[in-house]
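S.K.: Contents are mmCIF, C-alpha atoms and all ligand atoms; file name query-v1.cif:
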```
data_model
loop_
_atom_site.label_atom_id
_atom_site.label_comp_id
_atom_site.auth_asym_id
_atom_site.auth_seq_id
_atom_site.Cartn_x
_atom_site.Cartn_y
_atom_site.Cartn_z
CA MET A 18 -34.93 18.28 9.39
CA THR A 19 -32.58 17.71 6.44
CA VAL A 20 -30.02 14.94 6.83
CA VAL A 21 -27.01 15.01 4.48
CA GLU A 22 -24.62 12.07 4.21
CA ILE A 23 -21.06 13.28 3.59
CA PRO A 24 -18.42 11.08 1.86
CA GLY A 25 -15.46 9.76 3.85
CA SER A 26 -12.57 11.89 5.06
CA LYS A 27 -9.71 12.33 2.62
CA SER A 28 -7.17 12.73 5.41
CA VAL A 29 -8.36 9.68 7.33
CA THR A 30 -8.52 7.56 4.15
CA ALA A 31 -4.96 8.52 3.12
CA ARG A 32 -3.53 7.74 6.56
CA ALA A 33 -5.49 4.48 6.79
CA LEU A 34 -4.12 3.39 3.39
CA PHE A 35 -0.54 4.07 4.52
CA LEU A 36 -1.03 2.34 7.87
CA ALA A 37 -2.77 -0.64 6.26
CA ALA A 38 0.08 -1.03 3.75
CA ALA A 39 2.69 -0.90 6.50
CA ALA A 40 0.83 -3.18 8.92
CA GLU A 41 1.18 -6.87 9.64
CA GLY A 42 -2.00 -8.52 8.36
CA THR A 43 -5.04 -7.54 6.31
CA THR A 44 -6.86 -4.26 6.90
CA ARG A 45 -10.41 -3.50 5.84
CA LEU A 46 -11.28 0.19 5.39
CA ARG A 47 -14.99 0.75 5.79
CA ARG A 48 -16.53 3.63 3.79
CA PRO A 49 -13.23 5.18 2.61
CA LEU A 50 -13.40 8.25 0.40
CA HIS A 51 -13.59 7.38 -3.30
CA SER A 52 -12.20 10.43 -5.09
CA ASP A 53 -9.28 11.40 -7.32
CA ASP A 54 -6.96 11.99 -4.35
CA THR A 55 -7.63 8.73 -2.56
CA GLU A 56 -7.83 6.65 -5.74
CA GLY A 57 -4.47 8.17 -6.68
CA PHE A 58 -3.13 7.13 -3.28
CA ALA A 59 -4.43 3.55 -3.67
CA GLU A 60 -3.03 3.40 -7.23
CA GLY A 61 0.33 4.56 -5.86
CA LEU A 62 0.29 1.75 -3.31
CA ALA A 63 -0.52 -0.75 -6.06
CA LYS A 64 2.47 0.57 -8.08
CA LEU A 65 4.63 0.04 -4.99
CA GLY A 66 3.54 -3.61 -4.97
CA TYR A 67 0.72 -3.65 -2.41
CA ALA A 68 -2.52 -5.54 -2.98
CA VAL A 69 -5.45 -3.13 -2.66
CA ALA A 70 -8.82 -4.71 -3.45
CA ALA A 71 -12.23 -3.07 -3.68
CA GLU A 72 -15.01 -5.04 -1.98
CA GLY A 73 -18.23 -3.11 -2.48
CA GLN A 74 -17.55 0.31 -0.92
CA ASP A 75 -14.70 -1.07 1.21
CA TRP A 76 -10.99 -1.33 0.47
CA VAL A 77 -9.06 -4.38 1.65
CA ILE A 78 -5.28 -4.05 1.86
CA GLU A 79 -2.61 -6.70 2.44
CA GLY A 80 0.11 -5.24 4.61
CA ARG A 81 3.85 -5.65 3.90
CA PRO A 82 5.70 -4.59 7.07
CA GLN A 83 9.06 -4.91 5.28
CA GLY A 84 8.05 -2.06 2.94
CA PRO A 85 7.95 -1.87 -0.84
CA ALA A 86 10.53 -4.04 -2.57
CA ASN A 87 9.97 -3.59 -6.30
CA ASP A 88 11.23 -0.57 -8.29
CA ALA A 89 8.33 1.73 -9.15
CA ASP A 90 7.33 4.94 -10.88
CA VAL A 91 4.43 6.57 -9.02
CA TYR A 92 2.26 9.41 -10.34
CA CYS A 93 0.66 11.28 -7.43
CA ARG A 94 -1.84 13.34 -9.46
CA ASP A 95 -2.93 16.48 -7.49
CA GLY A 96 -2.82 14.78 -4.09
CA ALA A 97 -0.47 16.30 -1.55
CA THR A 98 -1.08 13.47 0.91
CA THR A 99 -0.03 11.02 -1.81
CA ALA A 100 2.95 13.12 -2.88
CA ARG A 101 4.17 13.54 0.69
CA PHE A 102 3.23 10.31 2.50
CA LEU A 103 4.19 7.74 -0.17
CA PRO A 104 7.85 8.84 -0.56
CA ALA A 105 8.22 8.28 3.20
CA LEU A 106 6.80 4.77 2.83
CA ALA A 107 9.09 4.05 -0.12
CA ALA A 108 12.12 5.20 1.88
CA ALA A 109 11.44 2.42 4.38
CA GLY A 110 11.61 -0.19 1.61
CA HIS A 111 14.28 -1.38 -0.81
CA GLY A 112 14.47 -0.35 -4.45
CA GLU A 113 14.56 2.55 -6.89
CA PHE A 114 11.47 4.73 -6.65
CA ARG A 115 10.44 7.69 -8.74
CA PHE A 116 7.60 10.03 -7.79
CA ASP A 117 5.98 12.64 -10.01
CA ALA A 118 2.79 14.69 -9.77
CA SER A 119 0.52 17.04 -11.72
CA ALA A 120 1.70 20.53 -12.66
CA GLN A 121 -0.33 21.86 -9.71
CA MET A 122 1.30 19.49 -7.24
CA ARG A 123 4.78 19.99 -8.75
CA ARG A 124 4.46 23.67 -7.75
CA ARG A 125 3.76 22.79 -4.09
CA PRO A 126 6.80 22.52 -1.81
CA VAL A 127 8.09 19.19 -0.45
CA GLY A 128 11.59 20.41 0.50
CA PRO A 129 11.24 20.29 4.29
CA LEU A 130 10.20 16.61 4.01
CA THR A 131 12.81 15.56 1.47
CA GLY A 132 15.43 17.45 3.49
CA ALA A 133 14.41 15.51 6.59
CA LEU A 134 14.58 12.20 4.71
CA ARG A 135 18.09 13.09 3.53
CA GLU A 136 19.04 13.96 7.12
CA LEU A 137 17.95 10.41 7.97
CA GLY A 138 20.36 9.06 5.36
CA VAL A 139 17.87 8.49 2.54
CA GLU A 140 19.38 8.87 -0.92
CA LEU A 141 17.02 11.27 -2.67
CA VAL A 142 17.32 13.59 -5.68
CA HIS A 143 14.97 16.18 -7.12
CA GLU A 144 14.95 15.69 -10.88
CA GLU A 145 14.08 19.26 -11.84
CA GLN A 146 13.65 21.84 -9.08
CA GLU A 147 15.13 21.42 -5.62
CA GLY A 148 12.34 20.90 -3.06
CA HIS A 149 9.70 19.90 -5.63
CA HIS A 150 8.45 16.84 -7.49
CA PRO A 151 9.54 14.87 -9.47
CA LEU A 152 11.97 13.01 -7.20
CA ARG A 153 13.93 9.78 -7.07
CA ILE A 154 14.67 7.67 -4.01
CA SER A 155 17.21 4.84 -3.78
CA ALA A 156 15.82 3.11 -0.72
CA LYS A 157 17.54 0.66 1.58
CA GLY A 158 15.53 1.06 4.78
CA VAL A 159 15.84 3.85 7.36
CA ARG A 160 17.91 3.55 10.52
CA GLY A 161 16.11 6.36 12.35
CA GLY A 162 17.33 8.80 14.96
CA GLU A 163 16.96 12.51 15.62
CA LEU A 164 16.00 15.30 13.28
CA THR A 165 14.68 18.85 13.20
CA LEU A 166 11.73 19.81 11.01
CA ASP A 167 10.10 23.06 9.94
CA ALA A 168 6.40 22.23 9.37
CA GLY A 169 5.33 25.86 9.14
CA LEU A 170 4.22 25.47 5.51
CA SER A 171 2.51 22.10 5.91
CA SER A 172 1.83 19.63 8.71
CA GLN A 173 1.90 16.87 6.08
CA TYR A 174 5.72 16.79 6.33
CA LEU A 175 5.45 15.89 9.99
CA THR A 176 2.65 13.38 9.38
CA ALA A 177 4.76 11.61 6.73
CA LEU A 178 7.67 11.30 9.17
CA LEU A 179 5.46 10.20 12.08
CA LEU A 180 3.92 7.47 9.89
CA LEU A 181 7.43 6.40 8.85
CA GLY A 182 8.75 6.34 12.43
CA PRO A 183 7.73 2.79 13.46
CA LEU A 184 9.18 1.41 10.20
CA THR A 185 12.68 2.64 11.09
CA GLN A 186 15.18 0.52 13.05
CA ARG A 187 15.63 2.93 15.96
CA GLY A 188 12.49 5.04 15.85
CA LEU A 189 12.40 8.82 15.40
CA ARG A 190 12.77 11.83 17.63
CA ILE A 191 11.52 14.86 15.70
CA THR A 192 11.98 18.41 17.00
CA VAL A 193 9.51 20.69 15.26
CA THR A 194 10.47 24.36 14.92
CA ASP A 195 7.13 25.54 13.47
CA LEU A 196 3.85 23.76 12.85
CA VAL A 197 0.56 24.61 11.09
CA SER A 198 -2.67 22.60 10.91
CA VAL A 199 -2.02 20.99 14.32
CA PRO A 200 -5.32 19.03 14.39
CA TYR A 201 -4.12 17.01 11.37
CA VAL A 202 -1.14 15.83 13.41
CA GLU A 203 -3.56 14.79 16.13
CA ILE A 204 -5.45 12.70 13.53
CA THR A 205 -2.14 11.05 12.63
CA LEU A 206 -1.24 10.22 16.25
CA ALA A 207 -4.75 8.89 17.00
CA MET A 208 -4.77 6.69 13.91
CA MET A 209 -1.26 5.35 14.60
CA ARG A 210 -2.61 4.36 18.03
CA SER A 211 -5.52 2.52 16.35
CA PHE A 212 -2.93 0.53 14.37
CA GLY A 213 -1.00 -0.32 17.55
CA VAL A 214 1.72 2.35 17.80
CA GLU A 215 1.93 4.83 20.65
CA ALA A 216 3.87 7.93 19.54
CA ARG A 217 4.10 10.77 22.05
CA ARG A 218 4.41 14.51 21.94
CA GLU A 219 6.53 16.38 24.49
CA GLY A 220 6.05 20.04 23.55
CA LYS A 221 8.02 20.61 20.34
CA VAL A 222 9.36 17.04 20.31
CA PHE A 223 7.60 14.02 18.81
CA VAL A 224 8.91 10.61 19.83
CA VAL A 225 8.02 7.58 17.70
CA PRO A 226 9.13 4.15 18.88
CA PRO A 227 10.34 1.49 16.42
CA GLY A 228 8.14 -1.56 15.91
CA GLY A 229 5.37 -2.26 13.45
CA TYR A 230 1.72 -1.53 12.91
CA THR A 231 -1.03 -4.11 13.30
CA ALA A 232 -3.90 -4.48 10.81
CA VAL A 233 -7.43 -3.64 11.97
CA GLU A 234 -10.90 -3.11 10.55
CA TYR A 235 -11.08 0.67 10.24
CA PRO A 236 -14.25 2.75 9.73
CA VAL A 237 -13.56 6.07 7.97
CA GLU A 238 -15.53 9.02 9.35
CA PRO A 239 -17.18 11.54 7.00
CA ASP A 240 -15.03 14.42 5.75
CA ALA A 241 -15.37 17.45 8.03
CA SER A 242 -13.96 19.91 5.45
CA THR A 243 -16.59 18.72 2.96
CA ALA A 244 -19.26 19.03 5.66
CA SER A 245 -18.35 22.74 6.00
CA TYR A 246 -20.21 23.41 2.72
CA VAL A 247 -23.55 22.08 3.91
CA PHE A 248 -23.14 23.70 7.33
CA ALA A 249 -22.39 27.03 5.65
CA ALA A 250 -25.33 26.50 3.28
CA ALA A 251 -27.69 26.12 6.25
CA ALA A 252 -26.27 29.21 7.96
CA LEU A 253 -26.58 31.26 4.77
CA THR A 254 -30.18 30.29 4.01
CA GLY A 255 -31.66 30.05 7.51
CA ARG A 256 -32.23 26.30 7.07
CA GLU A 257 -31.31 23.35 9.29
CA VAL A 258 -28.99 20.50 8.38
CA THR A 259 -27.79 17.41 10.22
CA VAL A 260 -24.64 15.52 9.24
CA PRO A 261 -24.50 12.03 10.75
CA GLY A 262 -21.22 10.25 11.54
CA LEU A 263 -19.43 13.36 12.83
CA GLY A 264 -19.88 14.13 16.50
CA ALA A 265 -18.14 14.93 19.75
CA GLY A 266 -15.59 12.13 19.22
CA ALA A 267 -14.68 13.06 15.62
CA LEU A 268 -10.99 13.01 14.75
CA GLN A 269 -10.99 15.97 12.36
CA GLY A 270 -10.27 19.50 13.53
CA ASP A 271 -12.16 20.99 10.57
CA LEU A 272 -15.39 20.16 12.39
CA ARG A 273 -14.53 23.28 14.46
CA PHE A 274 -15.78 25.32 11.49
CA VAL A 275 -19.20 25.08 13.16
CA ASP A 276 -17.81 27.20 16.02
CA VAL A 277 -17.17 29.96 13.47
CA LEU A 278 -20.76 29.69 12.20
CA GLU A 279 -21.99 29.79 15.79
CA ARG A 280 -20.06 33.02 16.41
CA MET A 281 -21.72 34.39 13.27
CA GLY A 282 -25.19 33.66 14.65
CA ALA A 283 -26.08 30.08 13.66
CA THR A 284 -27.19 27.54 16.26
CA VAL A 285 -25.01 24.45 16.56
CA ARG A 286 -25.72 21.13 18.28
CA ILE A 287 -22.88 18.63 18.54
CA GLY A 288 -24.21 15.22 19.50
CA ALA A 289 -22.42 11.96 20.13
CA ASP A 290 -22.61 10.97 16.46
CA ALA A 291 -24.08 13.90 14.52
CA VAL A 292 -23.83 17.67 14.15
CA THR A 293 -26.77 19.96 13.43
CA VAL A 294 -26.47 23.56 12.24
CA THR A 295 -29.50 25.84 12.13
CA GLY A 296 -29.16 29.14 10.35
CA ALA A 297 -30.48 32.35 11.92
CA GLU A 298 -33.75 33.78 10.58
CA GLY A 299 -33.26 34.92 6.96
CA GLY A 300 -29.67 33.60 6.96
CA ARG A 301 -28.44 36.59 8.98
CA LEU A 302 -24.70 36.43 9.73
CA ARG A 303 -22.50 38.55 11.96
CA GLY A 304 -19.06 39.77 10.91
CA LEU A 305 -16.04 38.59 12.90
CA THR A 306 -12.28 38.26 13.12
CA VAL A 307 -11.12 34.66 13.28
CA ASN A 308 -7.79 32.83 13.36
CA MET A 309 -8.02 29.81 11.01
CA ARG A 310 -4.47 28.45 11.37
CA ASP A 311 -5.85 25.12 12.64
CA ILE A 312 -8.67 24.78 10.09
CA SER A 313 -7.43 26.54 6.97
CA ASP A 314 -9.16 24.23 4.46
CA THR A 315 -12.38 25.94 5.58
CA MET A 316 -11.00 29.44 4.93
CA PRO A 317 -12.49 29.58 1.39
CA THR A 318 -15.89 28.43 2.75
CA LEU A 319 -15.95 31.39 5.12
CA ALA A 320 -14.47 33.85 2.61
CA ALA A 321 -17.16 33.02 0.03
CA ILE A 322 -20.11 33.62 2.39
CA ALA A 323 -18.44 36.59 4.14
CA PRO A 324 -20.07 39.38 2.04
CA PHE A 325 -23.44 38.36 3.49
CA ALA A 326 -22.34 39.18 7.06
CA ASP A 327 -23.44 42.45 8.63
CA GLY A 328 -19.84 43.58 9.21
CA PRO A 329 -16.33 42.86 7.93
CA VAL A 330 -14.99 39.30 8.08
CA ARG A 331 -11.26 39.12 8.76
CA ILE A 332 -9.50 35.75 8.55
CA GLU A 333 -6.00 35.62 10.04
CA ASP A 334 -2.93 33.38 10.23
CA VAL A 335 -3.52 31.42 7.02
CA TYR A 336 -0.27 32.01 5.11
CA ASN A 337 -0.03 28.35 4.15
CA THR A 338 -3.26 28.58 2.11
CA ARG A 339 -1.01 30.29 -0.46
CA VAL A 340 0.70 26.93 -1.18
CA LYS A 341 -2.40 24.72 -1.53
CA GLU A 342 -4.10 23.77 -4.82
CA CYS A 343 -3.67 27.46 -5.70
CA ASP A 344 -2.85 30.65 -3.81
CA ARG A 345 -6.17 30.56 -2.00
CA LEU A 346 -5.91 34.01 -0.41
CA GLU A 347 -5.48 35.64 -3.83
CA ALA A 348 -8.00 33.33 -5.56
CA CYS A 349 -10.68 34.12 -2.96
CA ALA A 350 -9.93 37.85 -3.28
CA GLU A 351 -9.99 37.68 -7.09
CA ASN A 352 -13.38 35.93 -7.14
CA LEU A 353 -14.97 38.18 -4.53
CA ARG A 354 -13.79 41.21 -6.56
CA ARG A 355 -15.33 39.65 -9.69
CA GLN A 356 -18.57 39.68 -7.68
CA GLY A 357 -18.10 43.37 -6.90
CA ILE A 358 -17.04 42.91 -3.27
CA THR A 359 -14.35 44.97 -1.55
CA VAL A 360 -11.50 42.78 -0.29
CA GLU A 361 -8.03 43.33 1.08
CA THR A 362 -5.32 40.72 1.58
CA GLY A 363 -2.01 40.71 3.45
CA ARG A 364 0.75 38.15 3.78
CA ASP A 365 -1.36 35.79 5.90
CA TRP A 366 -4.84 37.39 6.09
CA ILE A 367 -7.88 38.43 4.12
CA GLU A 368 -10.56 40.97 5.04
CA ILE A 369 -13.90 41.03 3.26
CA GLN A 370 -16.41 43.88 3.42
CA PRO A 371 -20.17 43.33 3.49
CA GLY A 372 -21.96 43.71 0.16
CA THR A 373 -24.31 42.11 -2.36
CA PRO A 374 -22.30 39.84 -4.66
CA ARG A 375 -23.32 40.01 -8.32
CA ALA A 376 -23.37 37.03 -10.71
CA ALA A 377 -19.88 36.15 -11.95
CA GLU A 378 -17.85 33.33 -13.41
CA ILE A 379 -15.61 31.95 -10.65
CA ALA A 380 -11.96 31.35 -11.60
CA THR A 381 -11.34 27.96 -10.00
CA HIS A 382 -7.57 27.62 -10.61
CA GLY A 383 -8.21 23.86 -10.57
CA ASP A 384 -9.12 24.12 -6.86
CA HIS A 385 -12.04 21.99 -5.69
CA ARG A 386 -12.57 24.28 -2.68
CA MET A 387 -13.01 27.35 -4.90
CA VAL A 388 -15.93 25.55 -6.60
CA MET A 389 -17.63 24.18 -3.49
CA SER A 390 -17.23 27.41 -1.48
CA PHE A 391 -18.61 29.71 -4.18
CA ALA A 392 -21.39 27.20 -4.97
CA VAL A 393 -22.57 27.74 -1.38
CA ALA A 394 -22.41 31.52 -1.79
CA GLY A 395 -24.27 30.97 -5.09
CA LEU A 396 -27.35 30.00 -3.06
CA ARG A 397 -27.80 33.76 -2.63
CA THR A 398 -26.07 34.87 -5.85
CA PRO A 399 -28.07 33.55 -8.82
CA GLY A 400 -26.03 33.17 -11.99
CA THR A 401 -22.78 32.03 -10.34
CA THR A 402 -20.82 29.84 -12.80
CA PHE A 403 -17.39 28.14 -12.76
CA ASP A 404 -14.63 27.90 -15.37
CA ASP A 405 -13.83 24.31 -14.27
CA PRO A 406 -16.67 22.81 -12.20
CA GLY A 407 -15.20 19.29 -12.60
CA CYS A 408 -12.20 19.92 -10.36
CA VAL A 409 -14.36 18.83 -7.39
CA ARG A 410 -13.26 15.32 -8.36
CA LYS A 411 -10.26 15.76 -6.05
CA THR A 412 -12.34 15.17 -2.91
CA PHE A 413 -16.06 15.04 -3.83
CA PRO A 414 -16.80 13.83 -7.38
CA ALA A 415 -20.60 13.86 -6.82
CA PHE A 416 -20.64 17.37 -5.31
CA HIS A 417 -22.80 19.01 -8.01
CA GLN A 418 -25.44 16.25 -8.01
CA GLU A 419 -25.62 16.16 -4.19
CA PHE A 420 -25.73 19.95 -3.93
CA ALA A 421 -28.54 20.12 -6.50
CA LYS A 422 -30.53 17.66 -4.36
CA LEU A 423 -30.04 19.84 -1.29
CA ARG A 424 -31.19 22.93 -3.22
CA GLU A 425 -34.28 21.08 -4.37
CA THR A 426 -35.10 19.93 -0.82
CA TRP A 427 -34.79 23.47 0.48
CA GLY A 428 -36.28 25.17 -2.57
CA VAL A 429 -33.30 27.55 -2.86
O1 LIG B 501 -2.63 15.83 6.59
C1 LIG B 501 -3.64 16.04 5.92
O2 LIG B 501 -4.42 15.13 5.58
C2 LIG B 501 -3.96 17.42 5.52
C3 LIG B 501 -3.35 18.49 6.15
C4 LIG B 501 -3.65 19.89 5.81
O3 LIG B 501 -2.56 20.40 5.06
P1 LIG B 501 -1.42 21.37 5.64
O4 LIG B 501 -0.81 20.73 6.81
O5 LIG B 501 -0.53 21.49 4.46
O6 LIG B 501 -2.11 22.67 6.01
C5 LIG B 501 -4.92 20.02 4.97
O7 LIG B 501 -4.97 21.32 4.40
C6 LIG B 501 -4.98 19.00 3.87
O8 LIG B 501 -6.16 19.14 3.11
C7 LIG B 501 -4.96 17.61 4.43
C1 LIG B 502 -5.13 21.42 0.69
C2 LIG B 502 -5.89 20.39 0.35
O1 LIG B 502 -5.43 19.19 -0.08
P1 LIG B 502 -3.99 18.50 -0.10
O2 LIG B 502 -3.03 19.40 0.62
O3 LIG B 502 -4.18 17.20 0.61
O4 LIG B 502 -3.68 18.32 -1.55
C3 LIG B 502 -7.37 20.45 0.43
O5 LIG B 502 -8.01 19.40 0.29
O6 LIG B 502 -7.92 21.55 0.61
#
```
Would you mind writing the file out in structure tokens?
Ligand SMILES: O=C(O)C1=C[C@@H](OP(=O)(O)O)[C@@H](O)[C@H](O)C1
Ligand SMILES: C=C(OP(=O)(O)O)C(=O)O

M.R.:
Amino acid sequence: MTVVEIPGSKSVTARALFLAAAAEGTTRLRRPLHSDDTEGFAEGLAKLGYAVAAEGQDWVIEGRPQGPANDADVYCRDGATTARFLPALAAAGHGEFRFDASAQMRRRPVGPLTGALRELGVELVHEEQEGHHPLRISAKGVRGGELTLDAGLSSQYLTALLLLGPLTQRGLRITVTDLVSVPYVEITLAMMRSFGVEARREGKVFVVPPGGYTAVEYPVEPDASTASYVFAAAALTGREVTVPGLGAGALQGDLRFVDVLERMGATVRIGADAVTVTGAEGGRLRGLTVNMRDISDTMPTLAAIAPFADGPVRIEDVYNTRVKECDRLEACAENLRRQGITVETGRDWIEIQPGTPRAAEIATHGDHRMVMSFAVAGLRTPGTTFDDPGCVRKTFPAFHQEFAKLRETWGV
């Protein structure tokens, strides 16, 4: 049995940093993710005047329930959680705040969130392109009230507003017209509860009461999207892998990727505190049609291994993967074609035909998931290389070293 320890969840770490900053008291995050995204988030908090201290692997944060109070210029790097959650935190404070991000993140839309903040009375301007970073906020607290939000491009807009809700004077009542990545909103609500705030969902309406968060000691679970690579690796090579720390009670929806592997022929055991995936003999995989609207970060994982299935793999309802680190539908199609595979894409779907991928250089487009997904497929495609292997730093800086260890253990 091969046991692989997976680094902490990016999504849980980002939310925990926000909640800790906004809480009354001192929060200790146990085993947070240390990567470019989360270090960028912590650096952003420091710029906003919060004390974030590293103690061994842990982060210890002094909360400031009154919100940031010093003017600040925050660079969000490539992190969409940073670029979308921190402006909401700043809006609750007092001061002049400027947010900017990398070229990649500047291209990704923030308009539905900034529009909602304006609807709440926040003074906010986009310096260059409407609906995109960089932006400036003149903050003087948020009164709260009702608003309507379209979260059809990203659930992160809704998460940012939910996290902000308890910091407003009257709370928030958010009517959502469209919503993707629903399980991420469930992570948000569950974590707000852990920090003492009970927000509720009534169909399309989310109600967040006013009143603050309370500091806690918070253990960060391993990252389920990252775990998809080792689960897929087991399925593709007929090996067995166990990931501890993710089990039946896990917060992250991306753990459901194992259901996809199960439908393709792998055996899956979900225990109380671990998940084991055993690949079918010879790494045999069945083709399938699957809706990945809830778990779209794992779309590239599936797309990369899809040619090895015995029939077409069709992935549906993933339009919003076009506005991630790159246009992931087109990037997956481009790389599969480089490998000689037949692929078709539509507005919100991709269909991949069975075939034998040939060695190719993968065009990463600065997307960590392009690297990790095609590295898994590379287990059965010798000679796979990457134009920018280092972009894994966004969520898993040690990916290549850890993956090499797994290959050595399995002899693949
Ligand atoms: O809230 C979060 O932590 C995330 C939400 C998802 O984004 P979308 O809601 O934009 O799909 C996911 O893809 C991203 O990696 C992390
Ligand atoms: C889309 C992703 O990240 P984010 O939106 O948080 O930048 C991801 O990690 O795949």

S.K.: I need the residue nearest A:Ala232 from this list: A:Asp311, A:Gly213, A:Pro371, A:Ala394. Use all atoms listed in the file for the distance.

M.R.: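 That would be A:Gly213, the residue with the smallest distance to A:Ala232.
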
S.K.: Distance cut-off 12 Å, centre (-10.6, 24.0, -6.9) in file coordinates, counting all atoms listed in the file: which residues qualify? Return them as an MDAnalysis selection string.

M.R.: chainID A and resid 95 121 314 317:318 341:345 348:349 379:392 403:414

S.K.: Report, in Å with one decimal, the straight-line distance from atom CA of A:Glu219 to atom CA of A:Gln173.

M.R.: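 Going from atom CA of A:Glu219 over to atom CA of A:Gln173, I get 19.0 Å.
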
S.K.: Could you tell me, counting only C-alpha atoms and all ligand atoms, which protein and nucleic acid residues lie no more than 10 Å from ligand LIG 501 (chain B), written as a PyMOL selection string?

M.R.: chain A and resi 26-32+96-99+101-102+125-126+168-177+196-205+242+269+271+310-315+335-338+340-342+412

S.K.: From the list A:Leu206, A:Ala241, A:Leu302, A:Val307, which residue is nearest ligand LIG 502 (chain B) when using all atoms listed in the file?

M.R.: A:Ala241

S.K.: Could you check the closest approach to ligand LIG 502 (chain B) for each of A:Met316, A:Pro261, A:Tyr67, A:Glu215 and tell me which residue wins, using all atoms listed in the file?

M.R.: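 The answer is A:Met316, which sits nearest to ligand LIG 502 (chain B).
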
S.K.: Atom CA of A:Leu263 and atom CA of A:Pro239 are how many Å apart?

M.R.: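 Value for the atom CA of A:Leu263-atom CA of A:Pro239 distance: 6.5 Å.
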
S.K.: Given all atoms listed in the file as the basis, pick out the residue of A:Leu141, A:Ile367, A:Leu178, A:Ala71 nearest to A:Val224.

M.R.: A:Leu178

S.K.: Could you please determine the separation between atom CA of A:Leu278 and atom O2 of ligand LIG 502 (chain B) in Å, to one decimal place?

M.R.: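 We find that atom CA of A:Leu278 and atom O2 of ligand LIG 502 (chain B) lie 23.5 Å from each other.
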
S.K.: Ranking A:Ser245, A:Gly42, A:Thr131, A:Thr185 by minimum distance to ligand LIG 502 (chain B) and counting only C-alpha atoms and all ligand atoms, which one comes first?

M.R.: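 Counting only C-alpha atoms and all ligand atoms, the residue closest to ligand LIG 502 (chain B) is A:Ser245.
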
S.K.: I'd like the contact shell of A:Phe248 - 7 Å cut-off, only C-alpha atoms, skipping same-chain residues fewer than 3 positions apart - returned as a PDB file with C-alpha atoms, keeping the file's coordinate frame.

M.R.:
```pdb
ATOM      1  CA  ALA A 244     -19.260  19.030   5.660  1.00  0.00           C
ATOM      2  CA  SER A 245     -18.350  22.740   6.000  1.00  0.00           C
ATOM      3  CA  ALA A 251     -27.690  26.120   6.250  1.00  0.00           C
ATOM      4  CA  ALA A 252     -26.270  29.210   7.960  1.00  0.00           C
ATOM      5  CA  VAL A 258     -28.990  20.500   8.380  1.00  0.00           C
ATOM      6  CA  VAL A 294     -26.470  23.560  12.240  1.00  0.00           C
TER       7      VAL A 294
END
```

S.K.: Can you take stretch 343-379 of chain A from the block and write C-alpha atoms as an mmCIF file, in the first residue's frame?

M.R.:
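Result saved to part21.cif:
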```cif
data_model
loop_
_atom_site.group_PDB
_atom_site.id
_atom_site.type_symbol
_atom_site.label_atom_id
_atom_site.label_comp_id
_atom_site.auth_asym_id
_atom_site.auth_seq_id
_atom_site.Cartn_x
_atom_site.Cartn_y
_atom_site.Cartn_z
ATOM 1 C CA CYS A 343 -5.841 30.044 -18.781
ATOM 2 C CA ASP A 344 -8.654 28.938 -21.076
ATOM 3 C CA ARG A 345 -8.445 25.378 -19.806
ATOM 4 C CA LEU A 346 -10.803 23.848 -22.373
ATOM 5 C CA GLU A 347 -8.650 25.134 -25.234
ATOM 6 C CA ALA A 348 -5.342 24.449 -23.430
ATOM 7 C CA CYS A 349 -6.337 20.825 -22.757
ATOM 8 C CA ALA A 350 -7.451 20.420 -26.385
ATOM 9 C CA GLU A 351 -4.244 22.018 -27.688
ATOM 10 C CA ASN A 352 -2.025 19.714 -25.626
ATOM 11 C CA LEU A 353 -3.967 16.553 -26.431
ATOM 12 C CA ARG A 354 -3.699 17.448 -30.149
ATOM 13 C CA ARG A 355 0.060 17.946 -29.712
ATOM 14 C CA GLN A 356 0.039 14.345 -28.482
ATOM 15 C CA GLY A 357 -1.823 13.245 -31.610
ATOM 16 C CA ILE A 358 -5.217 12.764 -29.940
ATOM 17 C CA THR A 359 -8.536 13.686 -31.548
ATOM 18 C CA VAL A 360 -10.425 16.273 -29.489
ATOM 19 C CA GLU A 361 -13.446 18.478 -29.965
ATOM 20 C CA THR A 362 -14.529 21.397 -27.799
ATOM 21 C CA GLY A 363 -17.730 23.427 -27.554
ATOM 22 C CA ARG A 364 -18.704 26.442 -25.495
ATOM 23 C CA ASP A 365 -18.759 24.501 -22.217
ATOM 24 C CA TRP A 366 -17.586 20.961 -23.088
ATOM 25 C CA ILE A 367 -14.710 18.866 -24.354
ATOM 26 C CA GLU A 368 -14.791 15.405 -25.913
ATOM 27 C CA ILE A 369 -11.658 13.293 -26.167
ATOM 28 C CA GLN A 370 -11.289 10.185 -28.334
ATOM 29 C CA PRO A 371 -9.301 7.129 -27.256
ATOM 30 C CA GLY A 372 -5.762 6.885 -28.622
ATOM 31 C CA THR A 373 -2.080 6.450 -27.796
ATOM 32 C CA PRO A 374 -0.602 9.846 -26.918
ATOM 33 C CA ARG A 375 2.873 10.466 -28.332
ATOM 34 C CA ALA A 376 5.652 12.365 -26.534
ATOM 35 C CA ALA A 377 5.147 16.131 -26.728
ATOM 36 C CA GLU A 378 6.073 19.367 -25.020
ATOM 37 C CA ILE A 379 3.048 20.543 -23.033
#
```
